[in-house]
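**Q** The structure file run25.txt (compact mmCIF, C-alpha atoms) is provided below.
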# COMPACT_ATOMS: atom_id res chain seq x y z
CA MET A 1220 0.00 0.00 0.00
CA GLU A 1221 1.44 3.36 -1.05
CA THR A 1222 0.84 6.05 1.57
CA GLU A 1223 1.82 9.60 0.74
CA ALA A 1224 0.88 13.24 1.23
CA LYS A 1225 0.79 15.65 -1.69
CA LEU A 1226 1.38 19.34 -1.02
CA GLY A 1227 0.94 22.06 -3.61
CA PHE A 1228 2.96 25.29 -3.86
CA ASN A 1229 2.08 28.53 -5.63
CA ASP A 1230 5.36 28.70 -7.58
CA LYS A 1231 8.72 26.95 -8.05
CA GLU A 1232 10.53 29.59 -6.01
CA SER A 1233 8.57 28.82 -2.85
CA LEU A 1234 8.77 25.06 -3.54
CA TYR A 1235 12.56 24.97 -3.77
CA ALA A 1236 13.08 27.60 -1.06
CA LEU A 1237 11.85 24.97 1.38
CA THR A 1238 14.85 22.72 0.62
CA THR A 1239 17.29 25.27 2.07
CA SER A 1240 15.21 26.35 5.07
CA ASP A 1241 15.65 25.25 8.68
CA VAL A 1242 11.99 24.20 8.60
CA PHE A 1243 13.00 21.38 6.24
CA LEU A 1244 16.67 20.74 6.94
CA LYS A 1245 16.21 19.77 10.59
CA PHE A 1246 14.45 16.60 9.41
CA CYS A 1247 16.71 15.93 6.43
CA ASP A 1248 19.16 13.00 6.46
CA ASP A 1249 21.05 14.12 3.31
CA ASP A 1250 24.33 16.00 3.73
CA ASN A 1251 24.42 17.13 0.09
CA THR A 1252 21.80 18.25 -2.40
CA PRO A 1253 20.53 15.14 -4.25
CA GLU A 1254 20.85 14.97 -8.02
CA PRO A 1255 17.67 15.96 -9.90
CA LEU A 1256 16.06 13.29 -12.07
CA LEU A 1257 14.10 13.79 -15.27
CA LEU A 1258 11.01 11.56 -15.07
CA GLU A 1259 9.20 10.83 -18.34
CA ASN A 1260 5.84 9.13 -17.81
CA SER A 1261 3.56 7.34 -20.26
CA TYR A 1262 0.19 6.05 -19.07
CA LEU A 1263 -1.38 2.96 -20.64
CA ASP A 1264 -5.02 1.98 -20.98
CA THR A 1265 -7.44 0.36 -23.41
CA GLU A 1266 -9.46 2.21 -26.03
CA ASP A 1267 -12.50 2.26 -23.71
CA MET A 1268 -10.39 3.16 -20.62
CA SER A 1269 -11.10 -0.16 -18.86
CA VAL A 1270 -8.23 0.18 -16.38
CA SER A 1271 -9.18 3.71 -15.34
CA HIS A 1272 -12.85 2.80 -14.95
CA ARG A 1273 -11.83 -0.01 -12.59
CA GLY A 1274 -9.94 2.45 -10.43
CA GLY A 1275 -6.52 1.47 -11.76
CA MET A 1276 -3.55 3.13 -13.44
CA ILE A 1277 -0.66 1.71 -15.50
CA ARG A 1278 2.46 3.87 -15.83
CA VAL A 1279 5.72 3.40 -17.73
CA ARG A 1280 8.30 5.74 -16.20
CA HIS A 1281 11.72 6.53 -17.66
CA TYR A 1282 14.32 7.65 -15.10
CA ASN A 1283 17.02 9.78 -16.69
CA SER A 1284 19.96 11.50 -14.99
CA LYS A 1285 23.75 11.65 -15.25
CA THR A 1286 24.05 8.37 -13.35
CA GLU A 1287 20.74 6.57 -14.00
CA ASP A 1288 18.88 5.46 -17.12
CA PHE A 1289 16.17 2.82 -16.70
CA TYR A 1290 12.41 2.24 -16.79
CA GLU A 1291 9.96 1.34 -14.07
CA PHE A 1292 6.46 -0.06 -14.55
CA THR A 1293 3.90 0.90 -11.91
CA VAL A 1294 0.33 -0.24 -11.39
CA LYS A 1295 -1.88 1.51 -8.83
CA TYR A 1296 -5.33 0.37 -7.79
CA GLY A 1297 -8.15 1.35 -5.44
CA GLY A 1298 -7.45 3.30 -2.27
CA PHE A 1299 -8.68 6.73 -1.22
CA VAL A 1300 -7.67 10.38 -0.78
CA SER A 1301 -8.40 12.44 2.35
CA ASP A 1302 -7.01 15.89 3.21
CA GLY A 1303 -3.99 15.42 0.96
CA ILE A 1304 -3.17 11.87 2.17
CA HIS A 1305 -3.24 9.36 -0.69
CA LYS A 1306 -3.42 5.59 -0.04
CA ARG A 1307 -3.45 3.11 -2.92
CA TYR A 1308 -2.30 -0.41 -3.68
CA GLU A 1309 0.90 -0.19 -5.72
CA TRP A 1310 3.21 -2.61 -7.54
CA ASN A 1311 6.51 -1.71 -9.20
CA VAL A 1312 8.73 -3.61 -11.64
CA ARG A 1313 12.04 -2.31 -12.98
CA SER A 1314 12.79 -2.69 -16.71
CA GLU A 1315 15.76 -1.95 -18.92
CA ASP A 1316 13.86 -1.62 -22.22
CA GLY A 1317 10.49 -0.10 -21.25
CA ARG A 1318 8.38 -2.75 -23.04
CA PHE A 1319 5.34 -3.48 -20.89
CA SER A 1320 3.81 -6.97 -20.74
CA VAL A 1321 0.73 -7.84 -18.69
CA GLU A 1322 1.86 -11.38 -17.81
CA GLY A 1323 5.47 -10.30 -17.31
CA PHE A 1324 4.39 -7.60 -14.92
CA LYS A 1325 2.12 -9.93 -12.95
CA GLN A 1326 4.90 -12.48 -12.56
CA ASN A 1327 7.56 -9.98 -11.51
CA ALA A 1328 5.25 -8.07 -9.17
CA ALA A 1329 4.25 -11.23 -7.29
CA ASN A 1330 6.76 -10.58 -4.50
CA ASP A 1331 5.79 -6.95 -3.95
CA ASN A 1332 4.11 -5.90 -0.70
CA ASP A 1333 0.56 -5.58 -1.98
CA PRO A 1334 -1.60 -8.64 -2.78
CA SER A 1335 -0.86 -9.84 -6.29
CA ASP A 1336 -4.33 -11.33 -6.72
CA LEU A 1337 -5.70 -7.78 -7.00
CA LEU A 1338 -3.73 -7.46 -10.25
CA SER A 1339 -6.13 -9.98 -11.78
CA GLU A 1340 -8.88 -7.43 -11.20
CA VAL A 1341 -6.86 -4.65 -12.86
CA PHE A 1342 -5.92 -6.75 -15.90
CA CYS A 1343 -9.11 -8.83 -16.25
CA ASP A 1344 -9.59 -9.71 -19.97
CA ILE A 1345 -6.84 -7.25 -21.02
CA LYS A 1346 -4.08 -8.35 -23.41
CA ASP A 1347 -0.87 -6.55 -24.32
CA GLU A 1348 -2.25 -5.52 -27.71
CA ASP A 1349 -5.23 -3.85 -26.00
CA LEU A 1350 -3.03 -1.31 -24.24
CA LYS A 1351 -1.88 1.97 -25.75
CA VAL A 1352 -0.40 5.26 -24.50
CA ILE A 1353 -3.31 7.54 -23.58
CA CYS A 1354 -1.34 10.49 -22.17
CA SER A 1355 2.15 11.43 -21.02
CA ASN A 1356 4.05 14.01 -19.00
CA SER A 1357 7.55 14.80 -17.80
CA PHE A 1358 8.93 16.69 -14.83
CA THR A 1359 12.05 17.11 -12.73
CA ARG A 1360 12.19 15.38 -9.35
CA THR A 1361 14.64 15.87 -6.48
CA VAL A 1362 14.39 13.34 -3.66
CA TYR A 1363 15.36 13.89 -0.02
CA ASN A 1364 15.27 11.44 2.89
CA LEU A 1365 13.65 12.64 6.11
CA THR A 1366 13.30 11.32 9.64
CA TYR A 1367 10.27 12.48 11.58
CA GLY A 1368 9.23 10.93 14.87
CA ALA A 1369 9.55 7.17 14.48
CA SER A 1370 9.20 7.27 10.69
CA ARG A 1371 11.32 7.47 7.56
CA ILE A 1372 9.73 9.65 4.91
CA GLU A 1373 10.82 10.40 1.34
CA ALA A 1374 10.30 13.99 0.20
CA CYS A 1375 10.02 14.41 -3.58
CA PHE A 1376 10.14 17.92 -5.03
CA ASP A 1377 8.46 17.90 -8.46
CA SER A 1378 8.35 20.70 -11.01
CA GLY A 1379 7.31 20.76 -14.66
CA VAL A 1380 4.51 21.63 -17.05
CA ILE A 1381 1.69 19.47 -18.41
CA THR A 1382 0.48 20.51 -21.87
CA ASN A 1383 -2.47 19.50 -24.03
CA PRO A 1384 -1.84 17.96 -27.48
CA ASP A 1385 -1.65 21.25 -29.41
CA ASN A 1386 0.26 23.08 -26.63
CA SER A 1387 -2.49 25.68 -26.27
CA MET A 1388 -3.11 24.84 -22.59
CA THR A 1389 -0.68 24.25 -19.74
CA ASP A 1390 -0.93 23.06 -16.16
CA GLU A 1391 2.08 23.59 -13.92
CA ILE A 1392 3.49 20.82 -11.72
CA CYS A 1393 4.73 22.43 -8.53
CA GLU A 1394 4.36 20.06 -5.61
CA MET A 1395 6.03 18.01 -2.92
CA GLU A 1396 5.17 14.38 -2.27
CA LEU A 1397 5.87 12.97 1.18
CA GLU A 1398 5.92 9.17 0.95
CA LEU A 1399 5.93 7.02 4.06
CA ILE A 1400 8.79 4.51 3.69
CA ASN A 1401 8.38 2.98 7.14
CA GLY A 1402 6.79 4.08 10.38
CA ASN A 1403 3.26 5.33 10.95
CA VAL A 1404 0.68 7.45 9.17
CA GLU A 1405 0.33 9.75 12.18
CA ASP A 1406 3.92 10.96 11.69
CA LEU A 1407 3.25 11.54 7.99
CA ASN A 1408 0.10 13.50 8.75
CA ASN A 1409 1.82 15.58 11.42
CA LEU A 1410 4.73 16.41 9.12
CA LYS A 1411 2.30 17.39 6.37
CA ASP A 1412 0.47 19.72 8.77
CA TYR A 1413 3.77 21.16 9.99
CA PHE A 1414 4.86 22.13 6.48
CA ILE A 1415 1.43 23.62 5.75
CA GLU A 1416 1.65 25.75 8.90
CA LYS A 1417 5.23 26.90 8.30
CA THR A 1418 5.20 27.48 4.53
CA GLY A 1419 1.64 28.20 3.44
CA CYS A 1420 1.56 25.20 1.04
CA PHE A 1421 -1.73 23.33 0.77
CA PRO A 1422 -3.07 19.74 0.60
CA PHE A 1423 -3.22 18.58 -3.01
CA GLU A 1424 -5.70 15.82 -3.80
CA ASN A 1425 -5.44 15.63 -7.59
CA THR A 1426 -2.86 13.25 -9.08
CA LYS A 1427 -0.51 13.98 -11.97
CA TYR A 1428 -2.20 11.19 -13.90
CA LYS A 1429 -5.68 12.71 -13.61
CA ARG A 1430 -4.35 16.16 -14.47
CA THR A 1431 -2.48 14.81 -17.51
CA LEU A 1432 -5.51 12.82 -18.64
CA ALA A 1433 -7.66 15.95 -18.37
CA MET A 1434 -5.18 18.00 -20.41
CA ALA A 1435 -5.07 15.29 -23.06
CA ALA A 1436 -8.83 15.78 -23.35
CA GLY A 1437 -8.39 19.55 -23.65
CA ARG A 1438 -9.38 20.61 -20.16
CA SER A 1439 -7.62 21.41 -16.90
CA GLU A 1440 -8.43 20.11 -13.40
Represent the structure of the file as structure tokens.
**A**
Amino acid sequence: METEAKLGFNDKESLYALTTSDVFLKFCDDDNTPEPLLLENSYLDTEDMSVSHRGGMIRVRHYNSKTEDFYEFTVKYGGFVSDGIHKRYEWNVRSEDGRFSVEGFKQNAANDNDPSDLLSEVFCDIKDEDLKVICSNSFTRTVYNLTYGASRIEACFDSGVITNPDNSMTDEICEMELELINGNVEDLNNLKDYFIEKTGCFPFENTKYKRTLAMAAGRSE
């Protein structure tokens, strides 16, 4: 189960100003500034959006930096969002070539934390040839490791722009994701509230996938 908080910022300046402030650094385990990653995401679904209608998402993500170049397949399913806290079942499989296969994913995700039998619900009656790229985005991510209370939390600073197919509309990505690596949700919630109080950021309930899907359809969310 993925458990994370999403926090929105009004602009990139205020987003990245947090990384050098005492408000943030007192929880940070990193001695040096981490290397930014370019994340290029393609989302897969059927022509009639079967996966999305079932409450699922399939993502092919390309990680690209000076030291890393690989793909990761992610499937998310179910869950809920409340006051900026997102909880969903999630499976991840690393790939070197970025070619997604339903059966290959199911086999390689079998040892992940979330129950693999739920993948049968996501992929029910779906074959590889049924899937196509329905939308895509890219953004820059910088990841920091935090300790708060009894928990380890990953802080991801994301910035970029989502555009519609003819580039006539844009939607800015300017957010921080706080993902609970281990520990308890209470710590995550308290840290989220602390940053809201100290910086003026706000709980963000919309996902990048939903925003990108909306822009692909010519609207913003």
**Q** Quick one: residues within 10 Å of A:Gln1326, all atoms listed in the file counted, chain neighbours fewer than 4 positions away excluded, as a list in words?
**A**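 Near A:Gln1326, the qualifying residues are Val1312, Ser1320, Val1321, Glu1322, Asn1330 and Ser1335 of chain A.
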**Q** Within 9 Å of stretch 1252-1254 of chain A, counting all atoms listed in the file, which residues qualify if same-chain residues fewer than 5 places away don't, as a CSV table (one decimal) with C-alpha atoms, in the coordinates of the input?
**A**
chain,number,residue,atom,x,y,z
A,1238,THR,CA,14.8,22.7,0.6
A,1284,SER,CA,20.0,11.5,-15.0
A,1285,LYS,CA,23.8,11.6,-15.2
A,1360,ARG,CA,12.2,15.4,-9.4
A,1361,THR,CA,14.6,15.9,-6.5
A,1362,VAL,CA,14.4,13.3,-3.7
A,1363,TYR,CA,15.4,13.9,0.0
**Q** If we count all atoms listed in the file, what is near A:Asn1283 at a cut-off of 8 Å, once residues fewer than 2 positions away on the same chain are taken out, given as a list in words?
**A**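 The residues that qualify are Leu1256, Leu1257, Leu1258, His1281, Lys1285, Thr1286, Glu1287, Asp1288 and Phe1289 of chain A.
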**Q** Show which residues sit within 9 Å of stretch 1301-1309 of chain A, as a ChimeraX atom specification. Count only C-alpha atoms, and ignore same-chain residues fewer than 3 positions away.
**A** /A:1220-1226,1293-1298,1331-1334,1337,1407-1408,1411,1421-1425
**Q** What does the distance between atom CA of A:Phe1324 and atom CA of A:Val1352 come to in Å, to one decimal place?
**A** 16.7 Å
**Q** Suppose you want the space between atom CA of A:Ala1329 and atom CA of A:Leu1350; what is it in Å?
**A** 20.9 Å
**Q** Could the residues of stretch 1305-1397 of chain A that have an atom at most 7 Å from stretch 1262-1274 of chain A be listed as a tab-separated table, each with its closest atom pair and the distance in Å to one decimal, counting only C-alpha atoms and ordered by chain and ascending residue number?
**A**
residue	atom	partner	partner_atom	distance
A:Val1341	CA	A:Val1270	CA	6.1
A:Asp1349	CA	A:Thr1265	CA	5.4
A:Leu1350	CA	A:Thr1265	CA	4.8
A:Lys1351	CA	A:Leu1263	CA	5.2
A:Val1352	CA	A:Leu1263	CA	4.6
A:Ile1353	CA	A:Leu1263	CA	5.8
A:Cys1354	CA	A:Tyr1262	CA	5.6
A:Ser1355	CA	A:Tyr1262	CA	6.0
**Q** Considering all atoms listed in the file, can you say which of A:Ile1381, A:Phe1342, A:Thr1239, A:Tyr1282 comes closest to A:Asn1251?
**A** A:Thr1239
**Q** Taking into account all atoms listed in the file, which residue in the set A:Trp1310, A:Tyr1367, A:Phe1358, A:Phe1319 is nearest to A:Cys1393?
**A**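 That would be A:Phe1358, the residue with the smallest distance to A:Cys1393.
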**Q** Around stretch 1245-1251 of chain A, fit a box with edges along x, y and z, padding it by 8 Å on each side, then list its centre and edge lengths in Å to one decimal as AutoDock Vina command-line options.
**A**
--center_x 19.4 --center_y 16.4 --center_z 5.3 --size_x 26.0 --size_y 22.8 --size_z 26.5
**Q** Taking only C-alpha atoms into account, which of A:Ile1392, A:Val1242, A:Ile1345, A:Val1404 comes nearest A:Ala1369?
**A** A:Val1404
**Q** So, counting only C-alpha atoms, which residue among A:Thr1426, A:Ser1378, A:Asn1403, A:Asn1409 is closest to A:Asp1230?
**A**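 Using only C-alpha atoms, the shortest distance to A:Asp1230 belongs to A:Ser1378.
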**Q** Enter the distance from atom CA of A:Met1434 to atom CA of A:Lys1346, in Å, rounded to one decimal.
**A** 26.5 Å
**Q** Select, from A:Glu1348, A:Met1395, A:Arg1280, A:Leu1338, the residue with the minimum atom-to-atom distance to A:Asp1316, counting all atoms listed in the file.
**A**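 Closest to A:Asp1316, using all atoms listed in the file: A:Arg1280.
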**Q** So which residues fall inside 10 Å of (-5.8, 24.7, -24.3) if we count all atoms listed in the file? Mind giving them as a ChimeraX atom specification?
**A** /A:1382-1390,1434-1439
**Q** For a quick check of understanding, using all atoms listed in the file, which of A:Glu1259, A:Gly1323, A:Tyr1290, A:Cys1343 has the smallest distance to A:Val1380?
**A**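 Among A:Glu1259, A:Gly1323, A:Tyr1290, A:Cys1343, it is A:Glu1259 that comes nearest to A:Val1380.
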